[in-house]
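Undergrad: See protein16.cif below, with mmCIF, C-alpha atoms.
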```cif
data_upload
#
loop_
_atom_site.label_atom_id
_atom_site.label_comp_id
_atom_site.auth_asym_id
_atom_site.auth_seq_id
_atom_site.Cartn_x
_atom_site.Cartn_y
_atom_site.Cartn_z
CA MET A 745 128.65 163.03 111.73
CA ALA A 746 128.54 165.36 114.71
CA ASP A 747 132.02 166.30 115.95
CA ARG A 748 131.01 165.65 119.54
CA VAL A 749 127.85 164.33 121.20
CA THR A 750 127.25 164.86 124.91
CA VAL A 751 124.26 163.36 126.69
CA ILE A 752 123.24 165.33 129.77
CA GLY A 753 121.07 163.82 132.45
CA TRP A 754 118.77 166.28 134.18
CA ASP A 755 116.98 165.76 137.48
CA GLY A 756 115.89 169.33 138.19
CA SER A 757 119.11 170.25 139.95
CA PRO A 758 121.39 173.07 138.70
CA LEU A 759 123.55 171.94 135.81
CA THR A 760 127.08 170.80 136.67
CA ALA A 761 130.17 172.55 135.34
CA ALA A 762 130.69 169.71 132.83
CA ALA A 763 127.12 170.08 131.56
CA ARG A 764 127.42 173.87 131.24
CA SER A 765 130.71 173.50 129.37
CA ALA A 766 129.22 171.06 126.87
CA LEU A 767 126.18 173.30 126.36
CA SER A 768 128.24 176.44 125.76
CA ALA A 769 129.89 174.79 122.75
CA ALA A 770 126.73 173.16 121.34
CA THR A 771 125.47 173.99 117.86
CA LEU A 772 122.53 171.55 118.22
CA VAL A 773 120.55 170.82 121.38
CA ALA A 774 117.91 168.08 121.53
CA GLY A 775 115.53 167.53 124.40
CA ALA A 776 112.03 167.89 125.75
CA ALA A 777 110.37 171.30 125.95
CA HIS A 778 111.44 171.87 129.56
CA HIS A 779 115.05 171.07 128.65
CA LEU A 780 115.13 173.44 125.67
CA ALA A 781 113.73 176.23 127.87
CA LEU A 782 116.74 176.14 130.20
CA PRO A 783 118.63 179.47 130.15
CA GLU A 784 121.97 177.70 129.55
CA VAL A 785 120.91 176.56 126.06
CA PRO A 786 122.81 178.76 123.55
CA PRO A 787 120.39 181.07 121.66
CA ALA A 788 122.08 180.35 118.32
CA ALA A 789 122.00 176.55 118.66
CA GLU A 790 119.61 174.51 116.54
CA ARG A 791 116.90 173.10 118.78
CA VAL A 792 115.39 169.67 118.22
CA ARG A 793 112.25 168.76 120.18
CA LEU A 794 112.54 165.11 121.15
CA GLY A 795 109.70 162.87 120.05
CA SER A 796 111.21 159.80 118.48
CA LEU A 797 114.73 159.37 119.81
CA SER A 798 115.70 157.31 116.75
CA LEU A 799 114.69 160.17 114.42
CA ALA A 800 116.66 162.61 116.56
CA ALA A 801 119.68 160.27 116.45
CA ARG A 802 119.62 160.30 112.64
CA ARG A 803 119.40 164.09 112.69
CA ILE A 804 122.38 164.31 115.04
CA ALA A 805 124.38 161.82 112.97
CA GLY A 806 124.01 164.13 109.96
CA HIS A 807 124.83 167.30 111.90
CA ARG A 808 128.16 169.05 111.39
CA GLY A 809 129.06 170.52 114.72
CA THR A 810 128.72 169.79 118.44
CA ALA A 811 125.49 168.24 119.74
CA VAL A 812 123.96 167.96 123.20
CA VAL A 813 121.09 165.62 124.04
CA PHE A 814 119.10 166.14 127.24
CA ALA A 815 117.42 163.23 129.05
CA ASP A 816 115.55 163.12 132.33
CA GLY A 817 117.41 161.34 135.12
CA ASP A 818 120.32 159.06 134.36
CA PRO A 819 120.47 158.72 130.54
CA GLY A 820 122.25 155.37 130.83
CA PHE A 821 119.44 153.78 132.85
CA PHE A 822 116.65 152.83 130.42
CA GLY A 823 117.57 156.09 128.66
CA ALA A 824 118.95 157.82 125.58
CA VAL A 825 122.47 156.40 125.61
CA ARG A 826 121.41 152.96 124.35
CA THR A 827 119.61 154.37 121.31
CA LEU A 828 122.32 156.87 120.43
CA ARG A 829 125.01 154.18 120.61
CA ALA A 830 123.08 151.78 118.36
CA PRO A 831 125.22 150.61 115.41
CA GLU A 832 122.92 152.14 112.80
CA HIS A 833 123.66 155.65 114.10
CA GLY A 834 127.40 155.26 114.66
CA LEU A 835 127.53 157.83 117.47
CA GLU A 836 130.13 157.89 120.21
CA VAL A 837 128.82 159.82 123.18
CA GLU A 838 130.06 161.42 126.37
CA VAL A 839 127.66 161.18 129.29
CA VAL A 840 127.00 163.59 132.15
CA PRO A 841 124.71 161.55 134.45
CA ALA A 842 122.15 162.68 136.98
CA VAL A 843 120.08 160.94 139.64
CA SER A 844 117.81 158.46 137.87
CA SER A 845 114.08 159.01 138.09
CA VAL A 846 113.75 155.61 139.76
CA ALA A 847 116.25 156.55 142.47
CA ALA A 848 114.49 159.90 142.90
CA ALA A 849 111.08 158.21 143.20
CA PHE A 850 112.27 155.84 145.93
CA ALA A 851 113.94 158.76 147.69
CA ARG A 852 110.63 160.66 147.70
CA ALA A 853 108.97 157.53 149.12
CA GLY A 854 111.73 157.07 151.71
CA MET A 855 112.27 153.45 150.67
CA PRO A 856 115.31 151.34 149.71
CA TRP A 857 115.27 150.04 146.17
CA ASP A 858 118.08 147.51 145.93
CA ASP A 859 115.43 144.78 146.26
CA ALA A 860 113.06 146.25 143.64
CA GLN A 861 112.35 145.11 140.11
CA VAL A 862 112.52 147.90 137.51
CA VAL A 863 110.48 147.68 134.29
CA VAL A 864 109.54 149.95 131.41
CA ALA A 865 105.89 149.98 130.36
CA HIS A 866 104.94 150.82 126.78
CA PRO A 867 101.59 149.85 125.27
CA ARG A 868 103.30 146.83 123.67
CA THR A 869 104.97 145.71 126.93
CA LEU A 870 102.28 146.75 129.40
CA ARG A 871 100.94 143.23 130.03
CA ARG A 872 104.41 141.92 130.87
CA ALA A 873 105.07 144.88 133.19
CA VAL A 874 101.80 144.07 134.98
CA ASN A 875 102.89 140.45 135.34
CA VAL A 876 106.08 141.60 137.07
CA CYS A 877 103.89 143.62 139.47
CA ARG A 878 101.84 140.48 140.13
CA ALA A 879 104.95 138.41 140.83
CA HIS A 880 107.00 140.77 142.97
CA GLY A 881 106.35 142.80 146.08
CA LYS A 882 108.26 145.92 145.03
CA VAL A 883 108.39 147.13 141.42
CA ALA A 884 109.29 150.48 139.87
CA VAL A 885 107.50 151.06 136.58
CA LEU A 886 108.68 153.71 134.13
CA THR A 887 105.43 154.55 132.38
CA SER A 888 104.54 156.08 129.03
CA PRO A 889 101.39 157.46 127.35
CA GLY A 890 98.88 154.64 127.05
CA ALA A 891 100.74 152.59 129.66
CA GLY A 892 100.38 154.71 132.77
CA PRO A 893 99.20 154.22 136.34
CA ALA A 894 95.53 153.77 135.40
CA GLU A 895 96.29 151.10 132.80
CA LEU A 896 98.57 149.27 135.23
CA ALA A 897 95.89 149.25 137.93
CA LEU A 898 93.13 148.11 135.57
CA LEU A 899 95.14 145.15 134.28
CA LEU A 900 96.06 144.11 137.81
CA GLY A 901 92.35 143.49 138.36
CA GLY A 902 91.71 141.81 141.68
CA VAL A 903 95.37 141.81 142.75
CA HIS A 904 95.62 144.40 145.53
CA ARG A 905 98.67 146.67 145.54
CA THR A 906 99.67 150.11 146.80
CA PHE A 907 100.78 152.65 144.17
CA VAL A 908 103.25 155.46 144.86
CA ILE A 909 102.80 157.66 141.78
CA CYS A 910 105.49 160.26 141.08
CA GLU A 911 104.49 162.82 138.45
CA GLU A 912 106.91 165.15 136.65
CA LEU A 913 109.83 164.47 138.96
CA GLY A 914 112.40 167.23 139.11
CA THR A 915 110.06 169.94 137.85
CA SER A 916 108.07 172.63 139.63
CA LYS A 917 104.95 170.51 139.01
CA GLU A 918 106.32 167.45 140.82
CA GLN A 919 103.69 165.57 142.80
CA VAL A 920 103.78 162.29 144.75
CA THR A 921 100.51 160.46 145.44
CA VAL A 922 99.94 157.24 147.40
CA LEU A 923 96.78 155.26 146.57
CA THR A 924 95.51 151.71 146.65
CA SER A 925 95.35 150.17 143.19
CA ASP A 926 91.55 150.09 143.07
CA ARG A 927 91.43 153.90 143.31
CA VAL A 928 94.14 154.68 140.75
CA PRO A 929 91.92 154.48 137.61
CA ASP A 930 89.67 157.22 139.03
CA HIS A 931 92.33 159.89 138.41
CA ASN A 932 94.04 161.54 135.45
CA TRP A 933 97.84 161.35 135.68
CA ARG A 934 100.49 163.56 134.09
CA ASP A 935 103.44 162.13 132.14
CA PRO A 936 106.17 161.29 132.71
CA ASN A 937 105.49 159.06 135.68
CA VAL A 938 107.40 156.66 137.83
CA VAL A 939 105.07 154.30 139.67
CA ILE A 940 106.27 152.26 142.64
CA VAL A 941 104.00 149.24 143.05
CA ILE A 942 104.28 147.57 146.44
CA GLY A 943 102.40 144.94 148.41
CA GLY A 944 101.35 141.34 148.30
CA GLN A 945 101.92 138.66 150.87
CA ALA A 946 104.88 139.10 153.16
CA ALA A 947 107.87 136.91 152.51
CA ALA A 948 108.73 134.27 155.04
CA ALA A 949 111.59 135.16 157.31
CA PRO A 950 114.76 133.59 155.88
CA ALA A 951 116.70 131.15 157.95
CA ALA A 952 119.72 132.43 159.82
CA PRO A 953 122.63 132.60 157.34
CA SER A 954 125.51 130.24 157.70
CA ALA A 955 129.13 131.25 157.35
CA THR A 956 129.03 130.42 153.64
CA ALA A 957 125.54 131.72 152.84
CA ALA A 958 125.25 134.55 150.34
CA ASP A 959 124.02 137.94 151.50
CA PRO A 960 120.50 138.31 149.95
CA ALA A 961 121.11 142.05 149.41
CA TRP A 962 124.14 141.62 147.14
CA LEU A 963 122.25 141.60 143.81
CA LEU A 964 119.84 144.28 142.60
CA GLY A 965 116.21 143.19 142.41
CA GLN A 966 116.60 139.88 144.20
CA GLY A 967 114.05 139.26 146.93
CA ALA A 968 113.14 136.47 149.28
CA ALA A 969 112.30 134.01 146.50
CA HIS A 970 116.00 133.81 145.72
CA THR A 971 117.27 133.39 149.28
CA GLY A 972 116.10 129.81 149.84
CA GLY A 973 118.13 126.66 149.41
CA ARG A 974 119.56 125.63 146.08
CA GLY A 975 117.72 123.53 143.55
CA TRP A 976 114.18 123.33 142.27
CA ALA A 977 111.48 120.67 141.90
CA ARG A 978 112.68 119.32 145.22
CA ALA A 979 111.18 116.07 146.48
CA GLY A 980 110.13 117.53 149.82
CA ALA A 981 108.09 120.33 148.25
CA GLY A 982 104.89 118.28 148.03
CA ALA A 983 103.03 116.83 145.06
CA GLY A 984 99.55 116.05 143.89
CA GLU A 985 98.14 112.65 143.11
CA GLY A 986 100.08 110.92 140.35
CA GLU A 987 102.79 113.57 140.39
CA SER A 988 106.41 113.41 141.41
CA ALA A 989 109.23 115.89 141.80
CA LEU A 990 110.79 114.56 138.60
CA LEU A 991 107.56 115.09 136.67
CA ARG A 992 107.36 118.60 138.04
CA ALA A 993 110.95 119.23 136.93
CA ALA A 994 110.12 118.03 133.42
CA GLN A 995 107.01 120.24 133.26
CA LEU A 996 108.93 123.30 134.44
CA ALA A 997 111.66 122.61 131.90
CA ARG A 998 109.13 122.43 129.06
CA LEU A 999 107.27 125.58 130.07
CA GLY A 1000 110.31 127.67 130.99
CA PRO A 1001 108.48 130.26 133.16
CA ARG A 1002 110.32 133.58 133.40
CA THR A 1003 109.96 137.16 134.54
CA GLY A 1004 107.13 138.89 132.69
CA ASP A 1005 105.17 135.68 132.08
CA LEU A 1006 101.78 134.82 133.51
CA VAL A 1007 101.47 131.12 134.39
CA TRP A 1008 98.22 129.29 135.00
CA ASP A 1009 98.51 126.22 137.24
CA ILE A 1010 95.17 124.45 136.88
CA GLY A 1011 94.54 121.81 139.51
CA THR A 1012 97.34 123.17 141.66
CA GLY A 1013 96.95 120.52 144.39
CA SER A 1014 99.70 121.19 146.92
CA GLY A 1015 100.81 124.32 145.05
CA ALA A 1016 104.29 122.83 144.56
CA PHE A 1017 104.42 123.57 140.82
CA ALA A 1018 102.92 127.05 141.24
CA VAL A 1019 105.47 127.99 143.90
CA GLU A 1020 108.37 126.72 141.79
CA ALA A 1021 107.17 128.73 138.78
CA ALA A 1022 106.84 131.85 140.93
CA ALA A 1023 110.39 131.35 142.21
CA PHE A 1024 111.58 131.75 138.61
CA GLY A 1025 110.11 135.28 138.64
CA ALA A 1026 106.86 134.57 136.78
CA ALA A 1027 103.42 135.72 137.88
CA VAL A 1028 101.31 132.68 138.77
CA ILE A 1029 97.60 132.08 139.15
CA ALA A 1030 96.94 128.79 140.96
CA VAL A 1031 93.48 127.32 140.34
CA ASP A 1032 91.78 124.48 142.20
CA ALA A 1033 88.22 123.41 142.90
CA ASP A 1034 89.19 122.14 146.37
CA PRO A 1035 89.30 124.95 148.98
CA ARG A 1036 91.77 122.91 151.02
CA ALA A 1037 94.12 122.72 148.05
CA CYS A 1038 93.88 126.49 147.69
CA GLU A 1039 94.81 126.89 151.34
CA ARG A 1040 97.79 124.56 150.91
CA ALA A 1041 98.99 126.47 147.87
CA ALA A 1042 98.75 129.82 149.66
CA ALA A 1043 100.63 128.40 152.64
CA ALA A 1044 103.35 126.99 150.38
CA ALA A 1045 103.78 130.41 148.76
CA ARG A 1046 104.13 132.08 152.16
CA THR A 1047 106.72 129.52 153.22
CA ARG A 1048 108.77 130.02 150.05
CA GLY A 1049 108.32 133.81 150.14
CA VAL A 1050 106.81 134.20 146.65
CA GLN A 1051 103.72 135.96 145.36
CA LEU A 1052 100.84 133.73 144.29
CA GLN A 1053 97.26 134.49 143.30
CA VAL A 1054 95.01 131.61 144.29
CA VAL A 1055 91.62 131.19 142.60
CA ALA A 1056 89.07 128.72 143.93
CA GLY A 1057 86.81 127.30 141.24
CA ARG A 1058 86.28 124.47 138.81
CA ALA A 1059 87.89 124.60 135.37
CA PRO A 1060 87.11 125.25 132.62
CA HIS A 1061 84.39 127.71 133.74
CA VAL A 1062 86.57 129.54 136.26
CA LEU A 1063 89.14 130.28 133.54
CA GLU A 1064 86.86 132.63 131.62
CA ASP A 1065 87.61 135.67 133.79
CA LEU A 1066 91.34 135.12 134.20
CA PRO A 1067 93.88 137.34 132.36
CA GLU A 1068 95.62 135.89 129.31
CA PRO A 1069 98.34 133.33 130.16
CA ASP A 1070 101.74 132.85 128.54
CA VAL A 1071 102.23 129.25 129.64
CA VAL A 1072 99.86 126.80 131.34
CA ARG A 1073 100.10 123.57 133.34
CA VAL A 1074 96.94 121.49 133.21
CA GLY A 1075 97.18 119.43 136.35
CA GLY A 1076 93.58 118.24 136.31
CA GLY A 1077 90.42 118.26 134.22
CA GLY A 1078 91.63 116.20 131.29
CA ALA A 1079 90.78 116.89 127.66
CA ALA A 1080 87.96 119.36 128.38
CA VAL A 1081 90.23 121.69 130.30
CA ALA A 1082 93.07 121.25 127.81
CA ARG A 1083 90.69 122.27 125.01
CA ALA A 1084 89.56 125.37 126.91
CA VAL A 1085 93.16 126.35 127.60
CA ALA A 1086 94.12 125.95 123.94
CA ASP A 1087 91.34 128.38 123.04
CA ARG A 1088 93.20 131.08 125.03
CA ARG A 1089 96.32 130.60 122.87
CA PRO A 1090 99.16 130.43 125.42
CA GLU A 1091 102.61 129.85 123.99
CA ARG A 1092 103.08 126.49 125.72
CA ILE A 1093 100.94 123.97 127.60
CA VAL A 1094 101.95 120.92 129.63
CA SER A 1095 99.77 118.22 131.10
CA HIS A 1096 100.08 114.65 132.32
CA ALA A 1097 97.97 111.50 132.32
CA SER A 1098 98.04 108.21 134.17
CA THR A 1099 96.75 106.10 131.25
CA ARG A 1100 97.44 105.97 127.53
CA ASP A 1101 93.78 106.58 126.68
CA GLU A 1102 93.69 109.72 128.82
CA ALA A 1103 96.95 110.94 127.28
CA GLU A 1104 95.58 110.33 123.78
CA ALA A 1105 92.42 112.32 124.55
CA ILE A 1106 94.39 115.28 125.88
CA GLY A 1107 96.80 115.09 122.94
CA HIS A 1108 93.92 115.15 120.42
CA ALA A 1109 92.35 118.15 122.16
CA LEU A 1110 95.60 120.11 121.97
CA THR A 1111 96.31 119.06 118.38
CA GLU A 1112 92.83 120.11 117.29
CA GLY A 1113 93.53 123.44 119.01
CA GLY A 1114 96.41 124.06 116.62
CA TYR A 1115 99.29 122.98 118.85
CA THR A 1116 102.28 120.78 118.11
CA VAL A 1117 102.14 118.02 120.71
CA GLU A 1118 104.78 115.66 122.07
CA CYS A 1119 104.15 112.85 124.53
CA ALA A 1120 106.62 110.81 126.55
CA LEU A 1121 106.23 108.02 129.09
CA LEU A 1122 108.19 108.97 132.18
CA GLN A 1123 109.16 106.35 134.71
CA SER A 1124 111.06 107.08 137.87
CA VAL A 1125 112.12 104.71 140.63
CA GLY A 1126 113.24 105.97 144.00
CA LEU A 1127 115.88 103.92 145.84
CA ASP A 1128 116.66 103.74 149.52
CA THR A 1129 120.38 104.57 149.52
CA ARG A 1130 120.96 102.58 152.71
CA THR A 1131 119.85 99.29 151.16
CA TRP A 1132 119.45 100.32 147.48
CA ASP A 1133 116.04 98.70 147.51
CA GLU A 1134 113.24 100.12 145.39
CA GLN A 1135 111.19 102.61 147.41
CA ASP A 1136 108.79 104.49 145.12
CA ARG A 1137 107.84 103.98 141.51
CA SER A 1138 106.05 106.51 139.32
CA VAL A 1139 104.84 106.01 135.75
CA VAL A 1140 103.14 108.87 133.96
CA PHE A 1141 102.55 110.25 130.47
CA LEU A 1142 103.94 113.77 129.97
CA LEU A 1143 102.33 115.90 127.26
CA ALA A 1144 104.00 119.08 126.04
CA ALA A 1145 102.31 121.33 123.50
CA GLU A 1146 103.71 124.38 121.71
CA ARG A 1147 101.85 126.92 119.63
CA PRO A 1148 103.41 127.39 116.19
CA ALA A 1149 105.05 130.78 115.79
CA ASN A 1150 102.72 131.85 112.97
CA ARG A 1151 99.46 131.06 114.81
#
```
In structure tokens, how does this file's structure come out?

TA:
Amino acid sequence: MADRVTVIGWDGSPLTAAARSALSAATLVAGAAHHLALPEVPPAAERVRLGSLSLAARRIAGHRGTAVVFADGDPGFFGAVRTLRAPEHGLEVEVVPAVSSVAAAFARAGMPWDDAQVVVAHPRTLRRAVNVCRAHGKVAVLTSPGAGPAELALLLGGVHRTFVICEELGTSKEQVTVLTSDRVPDHNWRDPNVVIVIGGQAAAAPAAPSATAADPAWLLGQGAAHTGGRGWARAGAGAGEGESALLRAAQLARLGPRTGDLVWDIGTGSGAFAVEAAAFGAAVIAVDADPRACERAAAAARTRGVQLQVVAGRAPHVLEDLPEPDVVRVGGGGAAVARAVADRRPERIVSHASTRDEAEAIGHALTEGGYTVECALLQSVGLDTRTWDEQDRSVVFLLAAERPANR
């Protein structure tokens, strides 16, 4: 095992005294081509061009001597330190940090970033990174070959955003470009990139804080969706015909929407479910054939301060052009829509029915689509707490379907 491993972050600035000291003693130096070309790298040191960091870590683990690993920006922020410290390599490292590429990108843009989401986009995670850009108004994306600005913009489709594209930060070839997302695919971009994706509907102004209210700026990446009152599936949030806040709570619990997911809410009605799902950090497409329902959903999103894409059209036909969902609520359309949704293979689907026959038809459609289906009869009774008399009664069948892991 290497006697000593030092990870040096590099942001284009002159190396610190600690970095120069570690380099002067190095017998192995690993990094990108522009790192290995630095004059401070000892001529006699073995040089390892970084491609796969895991392969380099194995090489370093077998090295007898002192090793230095270069990384762009802060190596502890989505960087080399995590891989080098993995148990299979057994490396203990010392770290000389630098300004992270995300911090540098926001500095070039002149913007704060304590309210931004930060994601890494690889070809295998690109779709989830795009969903974060759909769901949030300010996102920094650390890109990679095959998952760069053009691919991000193409997958966003009709969702309009502004891209601040930072190419080769910290080098003499650094360039910052600001474009609308529809124009981004028309260009060729150099790696590595940091892309700041901003835009979407403006958040509603939060209410004046009380003496006990939390400061919304205290936690990195938390925006207006997290500054509202406590609780979810609240009774006053609105509901469609045959729905209740308790049904909505049960549907949300079964779907479990989360950051990186794309949720379809078909038959959105008031938009109450769509807004709740978006408040969990998921990207949401709310679909309804009624233009007035679409207007209500958009207004509810503005009030709550969340991002929502609203699509007017009748399912199942309108679903054909939508991007692939992770979880879906079928709020209207019955078995025909449930069958069309199952064909798109989301991980989970929920629906509801007012009669047993309707529930059975939806259940058969989902079962035939290869899903494991559960059905429960939910009954809720609201009571007037002044008199404890019955106020509202709701009886509905809840269907929850899950795609088997191997299908």

Undergrad: Distance table requested - region 842-960 of chain A against region 988-1002 of chain A, cut-off 12 Å, all atoms listed in the file: one row per qualifying residue with the closest atom pair and its distance in Å to one decimal, ordered by chain and rising residue number, as JSON lines.

TA:
```
{"residue": "A:Arg872", "atom": "CA", "partner": "A:Arg1002", "partner_atom": "CA", "distance": 10.5}
{"residue": "A:Asn875", "atom": "CA", "partner": "A:Arg1002", "partner_atom": "CA", "distance": 10.3}
{"residue": "A:Val876", "atom": "CA", "partner": "A:Arg1002", "partner_atom": "CA", "distance": 9.8}
{"residue": "A:Ala879", "atom": "CA", "partner": "A:Arg1002", "partner_atom": "CA", "distance": 10.4}
```

Undergrad: Give me a file of those residues, with C-alpha atoms, as a compact mmCIF listing (two decimals), keeping the file's coordinate frame.

TA:
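Contents of part_17.txt, as written:
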```
# COMPACT_ATOMS: atom_id res chain seq x y z
CA ARG A 872 104.41 141.92 130.87
CA ASN A 875 102.89 140.45 135.34
CA VAL A 876 106.08 141.60 137.07
CA ALA A 879 104.95 138.41 140.83
```

Undergrad: Considering only C-alpha atoms, return as a list of chain:residue names whatever protein or nucleic-acid residues lie within 9 Å of Ala847 (chain A), sequence-local ones (same chain, fewer than 5 positions apart) excluded.

TA: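 Contacts, in chain order: A:Gly817, A:Arg852, A:Pro856, A:Trp857.
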
Undergrad: Determine the residue set returned by the PyMOL selection byres ((chain A and resi 768-784) around 10) for the present structure, and present it as a ChimeraX atom specification.

TA: /A:746,748-752,754,756,759,763-767,785-795,797,800-801,803-804,807-816,915

Undergrad: Using all atoms listed in the file, can you tell me which of A:Val862, A:Leu835, A:Leu900, A:Val1007 comes closest to Val939 (chain A)?

TA: A:Val862

Undergrad: Nearest residue to Thr1111 (chain A) out of A:Glu1134, A:Asp1009, A:Asp1087, A:Asp1128, using all atoms listed in the file?

TA: A:Asp1087

Undergrad: For Gly1011 (chain A), which of A:Gly1076, A:Gly975, A:Gly1114, A:Gly1025 is the closest residue, counting all atoms listed in the file?

TA: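 For Gly1011 (chain A), the nearest of the given residues is A:Gly1076.
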
Undergrad: I'd like the neighbourhood of Phe850 (chain A) as a PDB file with C-alpha atoms, in the frame of the given file, where a residue qualifies if any of its atoms comes within 12 Å (using all atoms listed in the file), though same-chain residues fewer than 6 positions away should be ignored.

TA:
```pdb
ATOM      1  CA  VAL A 843     120.080 160.940 139.640  1.00  0.00           C
ATOM      2  CA  SER A 844     117.810 158.460 137.870  1.00  0.00           C
ATOM      3  CA  PRO A 856     115.310 151.340 149.710  1.00  0.00           C
ATOM      4  CA  TRP A 857     115.270 150.040 146.170  1.00  0.00           C
ATOM      5  CA  ASP A 858     118.080 147.510 145.930  1.00  0.00           C
ATOM      6  CA  ASP A 859     115.430 144.780 146.260  1.00  0.00           C
ATOM      7  CA  ALA A 860     113.060 146.250 143.640  1.00  0.00           C
ATOM      8  CA  VAL A 862     112.520 147.900 137.510  1.00  0.00           C
ATOM      9  CA  LYS A 882     108.260 145.920 145.030  1.00  0.00           C
ATOM     10  CA  VAL A 883     108.390 147.130 141.420  1.00  0.00           C
ATOM     11  CA  ALA A 884     109.290 150.480 139.870  1.00  0.00           C
ATOM     12  CA  VAL A 885     107.500 151.060 136.580  1.00  0.00           C
ATOM     13  CA  VAL A 908     103.250 155.460 144.860  1.00  0.00           C
ATOM     14  CA  ILE A 909     102.800 157.660 141.780  1.00  0.00           C
ATOM     15  CA  CYS A 910     105.490 160.260 141.080  1.00  0.00           C
ATOM     16  CA  LEU A 913     109.830 164.470 138.960  1.00  0.00           C
ATOM     17  CA  VAL A 920     103.780 162.290 144.750  1.00  0.00           C
ATOM     18  CA  VAL A 938     107.400 156.660 137.830  1.00  0.00           C
ATOM     19  CA  VAL A 939     105.070 154.300 139.670  1.00  0.00           C
ATOM     20  CA  ILE A 940     106.270 152.260 142.640  1.00  0.00           C
ATOM     21  CA  VAL A 941     104.000 149.240 143.050  1.00  0.00           C
ATOM     22  CA  ILE A 942     104.280 147.570 146.440  1.00  0.00           C
TER      23      ILE A 942
END
```

Undergrad: Name the residues that the PyMOL selection byres ((chain A and resi 1056-1062) around 8) picks from the file above, as number ranges by chain, using the file's chain letters and numbers.

TA: A: 1010, 1031-1035, 1038, 1054-1055, 1063-1066, 1077, 1080-1081, 1084-1085

Undergrad: Which residues come within 12 Å of Arg1100 (chain A), counting only C-alpha atoms, excluding same-chain residues fewer than 3 positions away, as an MDAnalysis selection string?

TA: chainID A and resid 1096:1097 1103:1107 1119:1121 1139:1143

Undergrad: Just the selected residues (C-alpha atoms), exported as a short mmCIF file (atom, residue, chain, number, x, y, z; two decimals), keeping the file's coordinate frame, please.

TA:
```
data_model
loop_
_atom_site.label_atom_id
_atom_site.label_comp_id
_atom_site.auth_asym_id
_atom_site.auth_seq_id
_atom_site.Cartn_x
_atom_site.Cartn_y
_atom_site.Cartn_z
CA HIS A 1096 100.08 114.65 132.32
CA ALA A 1097 97.97 111.50 132.32
CA ALA A 1103 96.95 110.94 127.28
CA GLU A 1104 95.58 110.33 123.78
CA ALA A 1105 92.42 112.32 124.55
CA ILE A 1106 94.39 115.28 125.88
CA GLY A 1107 96.80 115.09 122.94
CA CYS A 1119 104.15 112.85 124.53
CA ALA A 1120 106.62 110.81 126.55
CA LEU A 1121 106.23 108.02 129.09
CA VAL A 1139 104.84 106.01 135.75
CA VAL A 1140 103.14 108.87 133.96
CA PHE A 1141 102.55 110.25 130.47
CA LEU A 1142 103.94 113.77 129.97
CA LEU A 1143 102.33 115.90 127.26
#
```

Undergrad: Can you list what the PyMOL selection byres ((chain A and resi 1093) around 6) grabs from this structure, as number ranges by chain?

TA: A: 1071-1073, 1092, 1094, 1144-1145

Undergrad: Write a file of the just-selected residues containing C-alpha atoms, as a PDB file, in the frame of the given file.

TA:
```pdb
ATOM      1  CA  VAL A1071     102.230 129.250 129.640  1.00  0.00           C
ATOM      2  CA  VAL A1072      99.860 126.800 131.340  1.00  0.00           C
ATOM      3  CA  ARG A1073     100.100 123.570 133.340  1.00  0.00           C
ATOM      4  CA  ARG A1092     103.080 126.490 125.720  1.00  0.00           C
ATOM      5  CA  VAL A1094     101.950 120.920 129.630  1.00  0.00           C
ATOM      6  CA  ALA A1144     104.000 119.080 126.040  1.00  0.00           C
ATOM      7  CA  ALA A1145     102.310 121.330 123.500  1.00  0.00           C
TER       8      ALA A1145
END
```

Undergrad: Just how far from CA of Glu1039 (chain A) is CA of Ala1023 (chain A), in Å to one decimal?

TA: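 Answer for the CA of Ala1023 (chain A) to CA of Glu1039 (chain A) separation: 18.6 Å.
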
Undergrad: Draw an axis-aligned box tight on the listed atoms of region 798-813 of chain A, then pad every side by 4 Å and write out centre and edge lengths in Å to one decimal as AutoDock Vina command-line options.

TA:
```
--center_x 121.9 --center_y 163.9 --center_z 117.0 --size_x 22.4 --size_y 21.2 --size_z 22.1
```

Undergrad: Extract, using only C-alpha atoms, all DNA, RNA and protein residues at most 10 Å from Glu1020 (chain A), discarding same-chain residues fewer than 6 positions from it, and format them as a PyMOL selection string.

TA: chain A and resi 969+976-978+981+992-993+996+1001+1026+1028+1044-1045+1048+1050

Undergrad: Excluding region 923-928 of chain A and residues on its chain fewer than 2 positions from it, collect all residues at most 10 Å away from it, counting all atoms listed in the file, and give them as a ChimeraX atom specification.

TA: /A:893-898,900-909,921,930-933,941-943

Undergrad: Export C-alpha atoms of the chosen residues as a compact mmCIF listing (two decimals), keeping the file's coordinate frame?

TA:
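Heads up, here's the output in selection_38.txt:
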```txt
# COMPACT_ATOMS: atom_id res chain seq x y z
CA PRO A 893 99.20 154.22 136.34
CA ALA A 894 95.53 153.77 135.40
CA GLU A 895 96.29 151.10 132.80
CA LEU A 896 98.57 149.27 135.23
CA ALA A 897 95.89 149.25 137.93
CA LEU A 898 93.13 148.11 135.57
CA LEU A 900 96.06 144.11 137.81
CA GLY A 901 92.35 143.49 138.36
CA GLY A 902 91.71 141.81 141.68
CA VAL A 903 95.37 141.81 142.75
CA HIS A 904 95.62 144.40 145.53
CA ARG A 905 98.67 146.67 145.54
CA THR A 906 99.67 150.11 146.80
CA PHE A 907 100.78 152.65 144.17
CA VAL A 908 103.25 155.46 144.86
CA ILE A 909 102.80 157.66 141.78
CA THR A 921 100.51 160.46 145.44
CA ASP A 930 89.67 157.22 139.03
CA HIS A 931 92.33 159.89 138.41
CA ASN A 932 94.04 161.54 135.45
CA TRP A 933 97.84 161.35 135.68
CA VAL A 941 104.00 149.24 143.05
CA ILE A 942 104.28 147.57 146.44
CA GLY A 943 102.40 144.94 148.41
```
